[in-house]
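Here the structure comes first, spelled out in structure tokens, and everything after it is commentary.
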Amino acid sequence: MPHRHTIKKCHTGISYSKNMTTKQLIREYVDDHYNNFGFYPYDVEVDGQVYSYGGYWAILEDRRFD
């Protein structure tokens with residue numbers, strides 16, 4: 001079972017308090033960012049770990065994080 005996180009923060013200061021996996025948190029944030037701004041974020045921070053654009057897309061595309 002994937003490790004679950006309870007807090008997600010991004011470079012814009014938006015926080016989500018949910019019991020979700022890292023992949024779910026990233027997906028929710030980048031989709032929301034895209035819908036609001038028309039482009040994907042430069043980076044995403046989850047539990048103090050900053051993921052670059054390429055880094056978070058690698059997680060989103062990797063089935064091992066499901």
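Residues in the structure tokens are named by chain (A, B, ... in the order shown) and by number from 1 within that chain; ligands are numbered from 1 in the order shown.
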
Quiz item: Residues at most 7 Å from A:Lys23, counting only C-alpha atoms, excluding those fewer than 4 positions away in the same chain, as an NGL selection string?
Solution: :A and (27 or 59-60 or 65)

Practice problem: Would you return as a list in words the members of stretch 18-55 of chain A that DSSP assigns to strand (DSSP E or B) on this structure's backbone? | Solution: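 Assigned to strand (DSSP E or B), within stretch 18-55 of chain A: Lys18, Asn19, Met20, Thr21, Asp43, Val44, Glu45, Val46, Gln49, Val50, Tyr51 and Ser52 of chain A.
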
Quiz prompt | Atomic separation - atom CA of A:Tyr53 relative to atom CA of A:Tyr40, Å | solution = 8.1 Å

Exercise. Fewer than 6 positions away in the same chain doesn't count, so skip those; otherwise give me all residues within 12 Å of A:Gly54, counting only C-alpha atoms, as a ChimeraX atom specification.
Key: /A:40-44,60-61

Quiz prompt | atom CA of A:Val46 to atom CA of A:Tyr34, distance in Å rounded to a single decimal | solution = 17.8 Å

Quiz item: What is the atom CA of A:Val30 to atom CA of A:Val50 distance in Å?
Solution: 13.6 Å
